[in-house]
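Dropping upload.cif in here (mmCIF, C-alpha atoms and all ligand atoms):
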```cif
data_data
#
loop_
_atom_site.label_atom_id
_atom_site.label_comp_id
_atom_site.auth_asym_id
_atom_site.auth_seq_id
_atom_site.Cartn_x
_atom_site.Cartn_y
_atom_site.Cartn_z
CA PRO A 1 -9.34 -19.56 -0.46
CA THR A 2 -7.76 -22.85 0.60
CA SER A 3 -6.05 -23.17 3.97
CA ASP A 4 -2.64 -22.59 2.39
CA ALA A 5 -3.87 -19.50 0.53
CA ARG A 6 -1.58 -16.49 0.73
CA ALA A 7 -2.54 -12.94 1.67
CA GLY A 8 -4.83 -11.45 -0.97
CA ASP A 9 -5.39 -14.83 -2.62
CA GLU A 10 -9.15 -14.49 -3.02
CA SER A 11 -11.71 -16.09 -5.31
CA GLU A 12 -13.08 -12.71 -6.44
CA THR A 13 -11.07 -9.75 -7.70
CA THR A 14 -9.49 -8.17 -4.62
CA VAL A 15 -10.42 -4.50 -4.22
CA ILE A 16 -7.91 -2.46 -2.21
CA ALA A 17 -8.61 1.02 -0.88
CA HIS A 18 -5.64 3.13 -2.05
CA ARG A 19 -4.18 5.25 0.80
CA GLY A 20 -7.46 4.21 2.49
CA ALA A 21 -10.71 5.23 0.78
CA SER A 22 -8.83 8.35 -0.28
CA ALA A 23 -11.49 9.79 -2.57
CA TYR A 24 -13.73 10.24 0.48
CA ALA A 25 -11.36 11.08 3.36
CA PRO A 26 -7.81 12.48 3.63
CA GLU A 27 -5.32 9.92 2.30
CA ASN A 28 -3.18 7.79 4.60
CA THR A 29 -5.03 8.85 7.77
CA LEU A 30 -6.98 6.80 10.28
CA ALA A 31 -10.10 8.50 8.87
CA SER A 32 -9.35 7.06 5.42
CA ILE A 33 -9.10 3.51 6.77
CA ASP A 34 -12.28 4.02 8.81
CA LYS A 35 -14.00 5.15 5.61
CA ALA A 36 -12.85 2.00 3.80
CA ALA A 37 -14.21 -0.12 6.65
CA GLN A 38 -17.53 1.78 6.63
CA LEU A 39 -17.86 1.05 2.91
CA GLY A 40 -17.28 -2.63 3.62
CA PHE A 41 -13.72 -2.98 2.31
CA THR A 42 -11.13 -4.89 4.28
CA TRP A 43 -7.97 -4.26 2.24
CA VAL A 44 -6.25 -0.87 2.50
CA GLU A 45 -2.98 0.38 1.02
CA ASN A 46 -0.58 2.83 2.70
CA ASP A 47 2.88 4.42 2.32
CA VAL A 48 5.53 4.23 5.06
CA GLN A 49 8.43 6.68 5.51
CA ARG A 50 10.67 7.80 8.41
CA THR A 51 11.02 10.96 10.51
CA LYS A 52 14.28 12.72 11.43
CA ASP A 53 14.34 10.94 14.79
CA GLY A 54 13.61 7.50 13.36
CA GLU A 55 9.84 7.06 13.80
CA LEU A 56 7.92 5.29 11.04
CA VAL A 57 5.00 7.38 9.75
CA VAL A 58 2.29 6.90 7.14
CA ILE A 59 2.44 9.51 4.37
CA HIS A 60 2.81 9.38 0.58
CA ASP A 61 4.95 12.33 -0.51
CA ASP A 62 8.56 12.82 0.63
CA SER A 63 7.46 16.35 1.63
CA LEU A 64 4.80 17.30 4.19
CA GLN A 65 3.68 20.24 2.06
CA ARG A 66 0.76 18.86 0.02
CA THR A 67 -1.12 16.92 2.71
CA THR A 68 -0.50 18.96 5.88
CA ASN A 69 -0.43 22.59 7.09
CA VAL A 70 3.36 22.45 7.58
CA GLU A 71 3.88 25.70 5.66
CA GLN A 72 1.85 27.61 8.27
CA VAL A 73 3.28 25.83 11.31
CA PHE A 74 6.94 25.80 10.20
CA PRO A 75 7.18 28.59 7.58
CA GLY A 76 10.97 28.72 7.42
CA ARG A 77 11.59 25.03 6.78
CA ALA A 78 11.02 24.59 3.02
CA PRO A 79 10.97 22.11 1.28
CA TRP A 80 9.40 20.47 4.35
CA LYS A 81 10.80 16.97 3.84
CA VAL A 82 9.44 14.23 6.11
CA LYS A 83 13.02 13.16 6.92
CA ASP A 84 13.86 16.64 8.27
CA PHE A 85 11.08 16.76 10.89
CA THR A 86 10.83 14.93 14.20
CA ALA A 87 7.85 12.78 15.09
CA ALA A 88 6.81 15.36 17.72
CA GLU A 89 6.85 18.12 15.10
CA ILE A 90 4.84 16.04 12.63
CA ALA A 91 2.34 15.20 15.39
CA ARG A 92 1.49 18.92 15.58
CA LEU A 93 0.41 19.09 11.94
CA ASP A 94 -3.12 19.03 10.54
CA ALA A 95 -3.36 16.37 7.83
CA GLY A 96 -7.08 16.77 7.20
CA SER A 97 -7.90 20.43 6.47
CA TRP A 98 -6.25 20.38 3.02
CA TYR A 99 -8.87 17.79 2.08
CA SER A 100 -11.91 19.29 3.85
CA PRO A 101 -12.62 21.46 6.93
CA ALA A 102 -14.68 18.50 8.17
CA TYR A 103 -11.37 16.69 8.79
CA ALA A 104 -9.56 19.51 10.60
CA GLY A 105 -7.30 18.14 13.33
CA THR A 106 -6.68 14.79 11.63
CA ARG A 107 -3.05 13.72 12.19
CA VAL A 108 -0.31 12.04 10.19
CA PRO A 109 -0.39 8.59 11.82
CA THR A 110 2.65 6.79 13.12
CA LEU A 111 2.90 3.27 11.70
CA LYS A 112 2.34 2.00 15.24
CA ASP A 113 -0.99 3.85 15.62
CA TYR A 114 -1.97 2.92 12.09
CA MET A 115 -1.40 -0.81 12.69
CA CYS A 116 -3.40 -0.66 15.96
CA HIS A 117 -6.26 0.90 14.03
CA ILE A 118 -6.06 -1.70 11.25
CA GLU A 119 -6.25 -4.37 13.94
CA HIS A 120 -9.19 -2.63 15.63
CA ASN A 121 -11.06 -2.42 12.29
CA HIS A 122 -10.19 -6.03 11.35
CA GLU A 123 -8.67 -4.71 8.14
CA LYS A 124 -5.88 -6.09 5.96
CA LEU A 125 -2.86 -4.11 4.85
CA LEU A 126 -0.96 -3.61 1.61
CA LEU A 127 2.03 -1.78 3.09
CA GLU A 128 4.29 0.20 0.73
CA ILE A 129 7.94 0.76 1.61
CA LYS A 130 8.04 4.33 0.23
CA ASN A 131 11.13 6.13 -1.09
CA PRO A 132 13.58 3.66 0.53
CA GLU A 133 16.47 5.43 -1.21
CA LEU A 134 15.91 8.32 1.24
CA TYR A 135 15.91 6.13 4.35
CA PRO A 136 18.77 3.61 4.70
CA GLY A 137 17.54 0.40 6.30
CA LEU A 138 13.85 1.30 5.89
CA ALA A 139 12.76 -2.23 4.89
CA GLN A 140 14.62 -3.79 7.84
CA GLN A 141 13.14 -1.25 10.28
CA ILE A 142 9.60 -1.88 9.02
CA LEU A 143 10.08 -5.64 9.45
CA LYS A 144 11.39 -5.12 12.97
CA GLN A 145 8.37 -3.05 13.94
CA LEU A 146 5.90 -5.44 12.31
CA GLY A 147 7.53 -8.30 14.19
CA SER A 148 7.46 -6.55 17.54
CA GLU A 149 3.75 -5.82 17.12
CA GLY A 150 2.88 -9.43 16.26
CA TRP A 151 2.19 -8.84 12.58
CA LEU A 152 4.57 -11.57 11.47
CA ASP A 153 2.77 -14.37 13.29
CA GLN A 154 0.74 -16.87 11.26
CA ARG A 155 -2.63 -15.23 11.85
CA HIS A 156 -1.51 -11.80 10.71
CA LEU A 157 0.58 -12.91 7.74
CA LYS A 158 -2.63 -13.66 5.83
CA ARG A 159 -3.61 -10.02 6.31
CA LEU A 160 -0.39 -8.44 5.11
CA ILE A 161 1.31 -7.79 1.77
CA VAL A 162 4.49 -5.68 1.58
CA GLN A 163 5.15 -3.85 -1.69
CA SER A 164 7.67 -1.40 -3.14
CA PHE A 165 8.86 0.20 -6.36
CA SER A 166 12.30 -0.87 -5.12
CA ALA A 167 13.15 -4.45 -6.14
CA ASP A 168 16.03 -4.34 -3.64
CA SER A 169 13.62 -3.61 -0.78
CA ILE A 170 11.30 -6.44 -1.76
CA ARG A 171 14.24 -8.83 -2.12
CA THR A 172 15.37 -7.82 1.37
CA VAL A 173 11.91 -8.46 2.83
CA HIS A 174 11.77 -11.90 1.23
CA GLU A 175 15.28 -12.84 2.35
CA LEU A 176 14.75 -11.73 5.95
CA ARG A 177 11.14 -12.91 6.35
CA PRO A 178 10.33 -15.42 3.58
CA ALA A 179 6.82 -16.05 4.93
CA ILE A 180 5.66 -12.52 4.05
CA THR A 181 3.67 -12.08 0.83
CA THR A 182 5.47 -9.48 -1.31
CA ALA A 183 4.64 -7.32 -4.33
CA TYR A 184 6.82 -5.43 -6.80
CA LEU A 185 5.36 -2.15 -8.09
CA GLY A 186 5.96 -1.76 -11.79
CA THR A 187 5.86 -3.56 -15.14
CA PRO A 188 8.97 -5.75 -15.32
CA THR A 189 10.16 -7.24 -18.61
CA ALA A 190 10.13 -11.00 -19.11
CA ALA A 191 13.84 -11.10 -18.30
CA GLN A 192 13.23 -9.17 -15.06
CA LEU A 193 10.27 -11.41 -14.19
CA HIS A 194 12.61 -14.41 -14.23
CA GLN A 195 14.68 -12.69 -11.54
CA PHE A 196 11.87 -11.07 -9.55
CA ALA A 197 9.80 -14.30 -9.33
CA ARG A 198 12.40 -15.54 -6.83
CA PHE A 199 11.32 -12.97 -4.24
CA THR A 200 7.94 -11.47 -5.17
CA ASP A 201 4.46 -13.04 -5.11
CA LEU A 202 2.72 -10.25 -6.98
CA ILE A 203 3.43 -7.76 -9.73
CA ASN A 204 1.47 -4.53 -9.20
CA PRO A 205 1.57 -2.32 -12.32
CA SER A 206 -0.04 0.94 -13.30
CA TYR A 207 -3.16 -0.10 -15.24
CA GLY A 208 -2.12 2.09 -18.17
CA SER A 209 0.84 -0.18 -18.86
CA LEU A 210 -1.26 -3.37 -18.93
CA SER A 211 -2.63 -5.68 -21.57
CA LYS A 212 -4.24 -9.11 -21.46
CA GLY A 213 -1.05 -10.60 -22.89
CA TYR A 214 1.13 -9.01 -20.20
CA VAL A 215 -1.13 -10.25 -17.38
CA SER A 216 -1.10 -13.80 -18.72
CA ALA A 217 2.67 -13.63 -19.15
CA VAL A 218 3.00 -12.65 -15.47
CA HIS A 219 0.64 -15.48 -14.50
CA SER A 220 2.90 -17.96 -16.29
CA PHE A 221 5.67 -17.36 -13.71
CA GLU A 222 5.74 -19.15 -10.39
CA GLY A 223 6.62 -17.07 -7.35
CA PRO A 224 8.71 -17.95 -4.28
CA HIS A 225 5.81 -19.80 -2.68
CA ASP A 226 5.23 -22.08 -5.69
CA LYS A 227 2.11 -20.30 -6.87
CA PRO A 228 1.57 -18.27 -10.03
CA LEU A 229 2.48 -14.61 -9.69
CA ARG A 230 -0.62 -12.45 -9.25
CA VAL A 231 -1.37 -8.95 -10.56
CA PHE A 232 -2.98 -6.05 -8.67
CA ALA A 233 -3.41 -2.99 -10.94
CA TRP A 234 -3.44 0.66 -9.77
CA THR A 235 -4.97 3.23 -9.59
CA VAL A 236 -8.38 2.36 -11.08
CA ASN A 237 -10.93 5.02 -10.16
CA ASP A 238 -13.85 4.73 -12.58
CA ALA A 239 -16.28 2.05 -13.68
CA ALA A 240 -15.31 1.91 -17.36
CA THR A 241 -11.62 1.46 -16.51
CA ALA A 242 -12.45 -1.14 -13.88
CA ARG A 243 -14.38 -3.20 -16.44
CA ARG A 244 -11.59 -2.87 -19.01
CA VAL A 245 -8.87 -3.83 -16.53
CA ALA A 246 -10.98 -6.76 -15.28
CA GLY A 247 -10.96 -7.98 -18.89
CA TYR A 248 -7.16 -8.19 -18.74
CA GLY A 249 -7.55 -10.89 -16.09
CA VAL A 250 -6.01 -9.06 -13.12
CA ASP A 251 -6.38 -10.51 -9.63
CA GLY A 252 -6.95 -7.21 -7.85
CA MET A 253 -7.40 -3.46 -8.26
CA ILE A 254 -6.07 -0.68 -6.07
CA THR A 255 -8.47 2.27 -6.07
CA ASN A 256 -9.35 5.56 -4.38
CA LYS A 257 -13.04 4.63 -4.92
CA PRO A 258 -13.47 1.00 -3.86
CA ASP A 259 -17.27 1.28 -3.96
CA VAL A 260 -17.22 2.39 -7.61
CA VAL A 261 -14.84 -0.42 -8.63
CA LYS A 262 -16.78 -3.05 -6.71
CA ALA A 263 -20.06 -1.96 -8.31
CA ALA A 264 -18.47 -2.04 -11.77
CA LEU A 265 -17.07 -5.52 -11.21
CA GLY A 266 -20.45 -6.74 -9.98
CA SER A 267 -22.05 -5.66 -13.23
CA ASN A 268 -19.24 -7.05 -15.36
O1 LIG A 301 -0.43 0.76 -4.54
C1 LIG A 301 0.01 1.31 -5.73
C2 LIG A 301 0.29 2.76 -5.69
O2 LIG A 301 0.15 3.24 -4.38
C3 LIG A 301 1.61 3.14 -6.20
O3 LIG A 301 1.72 4.51 -6.45
O4 LIG A 301 2.42 6.79 -5.97
O5 LIG A 301 0.22 5.99 -5.15
O6 LIG A 301 2.31 5.18 -4.10
P1 LIG A 301 1.67 5.65 -5.36
CA CA A 302 1.43 3.72 -2.47
#
```
Is it possible to express this structure as structure tokens?
Ligand code: G3P
Ligand code: CA
Amino acid sequence: PTSDARAGDESETTVIAHRGASAYAPENTLASIDKAAQLGFTWVENDVQRTKDGELVVIHDDSLQRTTNVEQVFPGRAPWKVKDFTAAEIARLDAGSWYSPAYAGTRVPTLKDYMCHIEHNHEKLLLEIKNPELYPGLAQQILKQLGSEGWLDQRHLKRLIVQSFSADSIRTVHELRPAITTAYLGTPTAAQLHQFARFTDLINPSYGSLSKGYVSAVHSFEGPHDKPLRVFAWTVNDAATARRVAGYGVDGMITNKPDVVKAALGSN
């Protein structure tokens, strides 16, 4: 990459560990980012939501049910929404046993702890603003926390991409902090791309909705930092799909099995 390269602007296809290396460790935990680092991958993806008392936490679903033991610990509190539990309550939950007994006692990380661990591991982060419709001001709060922890200084900006399925959230991020590299999750039409290219640097679609023609159409737009829009496809978990999606000309792949994707790309 040149000195003015943006986050994720790499000469080879960028491989991003989805929710950490989530095929091999419980998703969105510190263990899953450690696993990505052990496998030699620097980019990890996560999902950020908010507790009842306003703490930012890293978890994918809007409910705690699938990836923690919340049903046992708080049996009367169905449907166990993240937004209805305090940070102290969530800190009591086991977020590893559902995946494997070997991970018993693993916690749902706060964003603060997660970022410290990313820093410690020298990793790079594709941060997803998750379910912002449930959490008014979520994008602004995430920016505030990133700023207060030094993640918006020049050195860290090259290690951070902020993405969302919500175009409004991405527009907000770009308007408030134009230096951040941003990504829109989805497959916008050409008309939408004209609009979105004002505030997003990447388009990150589900690989099933992709074609070579779509990827080159996205590449023909220039983003807010005067560079062609890039494309990171998700969630590519097997070698045959990785080779096919590479043939579409994507710039990156988001995967639960970064080792499998990397090996497939190497033999492409
Ligand atoms: O990074 C892309 C991917 O995470 C989007 O889908 O549901 O896994 O958050 P989801
Ligand atoms: Ca995600």
Name the residues, by chain letter and number, that sit within 9 Å of ligand LIG 301 (chain A) using only C-alpha atoms and all ligand atoms, and give them as JSON, numbers by chain.
-> {"A": [16, 17, 18, 19, 45, 46, 47, 60, 61, 126, 127, 128, 130, 163, 164, 165, 185, 186, 204, 205, 206, 232, 233, 234, 235, 253, 254, 255]}
Between A:Tyr184, A:Arg50, A:His117, A:Glu89, which has the minimum distance to A:Asp34 (counting all atoms listed in the file)?
->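 Distance minimum relative to A:Asp34 lands on A:His117.
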Counting only C-alpha atoms, select every polymer residue within 9 Å of (-11.1, 4.6, 8.3) as defined in the file's coordinates, and provide the selection as a PyMOL selection string.
-> chain A and resi 20-21+25+29-38+117-118+121
Write out the residues from the selection above, keeping C-alpha atoms, as a PDB file, keeping the file's coordinate frame.
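What landed in again-v9.pdb:
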```pdb
ATOM      1  CA  GLY A  20      -7.460   4.210   2.490  1.00  0.00           C
ATOM      2  CA  ALA A  21     -10.710   5.230   0.780  1.00  0.00           C
ATOM      3  CA  ALA A  25     -11.360  11.080   3.360  1.00  0.00           C
ATOM      4  CA  THR A  29      -5.030   8.850   7.770  1.00  0.00           C
ATOM      5  CA  LEU A  30      -6.980   6.800  10.280  1.00  0.00           C
ATOM      6  CA  ALA A  31     -10.100   8.500   8.870  1.00  0.00           C
ATOM      7  CA  SER A  32      -9.350   7.060   5.420  1.00  0.00           C
ATOM      8  CA  ILE A  33      -9.100   3.510   6.770  1.00  0.00           C
ATOM      9  CA  ASP A  34     -12.280   4.020   8.810  1.00  0.00           C
ATOM     10  CA  LYS A  35     -14.000   5.150   5.610  1.00  0.00           C
ATOM     11  CA  ALA A  36     -12.850   2.000   3.800  1.00  0.00           C
ATOM     12  CA  ALA A  37     -14.210  -0.120   6.650  1.00  0.00           C
ATOM     13  CA  GLN A  38     -17.530   1.780   6.630  1.00  0.00           C
ATOM     14  CA  HIS A 117      -6.260   0.900  14.030  1.00  0.00           C
ATOM     15  CA  ILE A 118      -6.060  -1.700  11.250  1.00  0.00           C
ATOM     16  CA  ASN A 121     -11.060  -2.420  12.290  1.00  0.00           C
TER      17      ASN A 121
END
```
Contact residues around A:Pro228 with only C-alpha atoms at 10 Å, ignoring same-chain residues under 6 positions, as number ranges by chain = A: 197, 201-202, 218-222
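Considering the residues A:Val15, A:Gln49, A:Ala242, A:Asp113 and counting only C-alpha atoms and all ligand atoms, ligand CA 302 (chain A) has its shortest atom-to-atom contact with A:Gln49.
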Tell me, in Å to one decimal, how far atom CA of A:Ile142 is from atom CA of A:Pro178.
->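 Value for the atom CA of A:Ile142-atom CA of A:Pro178 distance: 14.6 Å.
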Counting all atoms listed in the file, the option among A:Glu71, A:Lys81, A:Thr13, A:Tyr114 closest to A:Arg243 = A:Thr13
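Take the candidates A:Leu229, A:Leu138, A:Ala183, A:Val70 and check each one against ligand CA 302 (chain A) using all atoms listed in the file; the shortest distance goes to A:Ala183.
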With distances taken over only C-alpha atoms and all ligand atoms, the candidate from A:Gly8, A:Val48, A:Asp226, A:Gly76 nearest ligand CA 302 (chain A) is A:Val48
Give the answer as one residue: which of A:Asp251, A:Glu149, A:Glu27, A:Asp259 has the shortest atom-to-atom distance to A:Ser216, using all atoms listed in the file?
->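 With all atoms listed in the file as the atom set, the closest residue is A:Asp251.
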Could you please give me, as an MDAnalysis selection string, the residues of protein, DNA or RNA lying at most 12 Å from (15.1, -5.0, -1.6) in the coordinate frame of the file, considering all atoms listed in the file?
-> chainID A and resid 129:133 136:140 162:177 182:184 196 199:200
Selection file, C-alpha atoms, as a PDB file, keeping the file's coordinate frame:
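Okay, this is what ended up in out_34.pdb:
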```pdb
ATOM      1  CA  ILE A 129       7.940   0.760   1.610  1.00  0.00           C
ATOM      2  CA  LYS A 130       8.040   4.330   0.230  1.00  0.00           C
ATOM      3  CA  ASN A 131      11.130   6.130  -1.090  1.00  0.00           C
ATOM      4  CA  PRO A 132      13.580   3.660   0.530  1.00  0.00           C
ATOM      5  CA  GLU A 133      16.470   5.430  -1.210  1.00  0.00           C
ATOM      6  CA  PRO A 136      18.770   3.610   4.700  1.00  0.00           C
ATOM      7  CA  GLY A 137      17.540   0.400   6.300  1.00  0.00           C
ATOM      8  CA  LEU A 138      13.850   1.300   5.890  1.00  0.00           C
ATOM      9  CA  ALA A 139      12.760  -2.230   4.890  1.00  0.00           C
ATOM     10  CA  GLN A 140      14.620  -3.790   7.840  1.00  0.00           C
ATOM     11  CA  VAL A 162       4.490  -5.680   1.580  1.00  0.00           C
ATOM     12  CA  GLN A 163       5.150  -3.850  -1.690  1.00  0.00           C
ATOM     13  CA  SER A 164       7.670  -1.400  -3.140  1.00  0.00           C
ATOM     14  CA  PHE A 165       8.860   0.200  -6.360  1.00  0.00           C
ATOM     15  CA  SER A 166      12.300  -0.870  -5.120  1.00  0.00           C
ATOM     16  CA  ALA A 167      13.150  -4.450  -6.140  1.00  0.00           C
ATOM     17  CA  ASP A 168      16.030  -4.340  -3.640  1.00  0.00           C
ATOM     18  CA  SER A 169      13.620  -3.610  -0.780  1.00  0.00           C
ATOM     19  CA  ILE A 170      11.300  -6.440  -1.760  1.00  0.00           C
ATOM     20  CA  ARG A 171      14.240  -8.830  -2.120  1.00  0.00           C
ATOM     21  CA  THR A 172      15.370  -7.820   1.370  1.00  0.00           C
ATOM     22  CA  VAL A 173      11.910  -8.460   2.830  1.00  0.00           C
ATOM     23  CA  HIS A 174      11.770 -11.900   1.230  1.00  0.00           C
ATOM     24  CA  GLU A 175      15.280 -12.840   2.350  1.00  0.00           C
ATOM     25  CA  LEU A 176      14.750 -11.730   5.950  1.00  0.00           C
ATOM     26  CA  ARG A 177      11.140 -12.910   6.350  1.00  0.00           C
ATOM     27  CA  THR A 182       5.470  -9.480  -1.310  1.00  0.00           C
ATOM     28  CA  ALA A 183       4.640  -7.320  -4.330  1.00  0.00           C
ATOM     29  CA  TYR A 184       6.820  -5.430  -6.800  1.00  0.00           C
ATOM     30  CA  PHE A 196      11.870 -11.070  -9.550  1.00  0.00           C
ATOM     31  CA  PHE A 199      11.320 -12.970  -4.240  1.00  0.00           C
ATOM     32  CA  THR A 200       7.940 -11.470  -5.170  1.00  0.00           C
TER      33      THR A 200
END
```
Please write out, as lines of an AutoDock Vina configuration file, where the centre of an axis-aligned box around all listed atoms of stretch 11-21 of chain A lies and how long its edges are, in Å to one decimal, after adding 4 Å on each side.
```
center_x = -8.6
center_y = -5.4
center_z = -2.6
size_x = 16.9
size_y = 29.3
size_z = 18.2
```
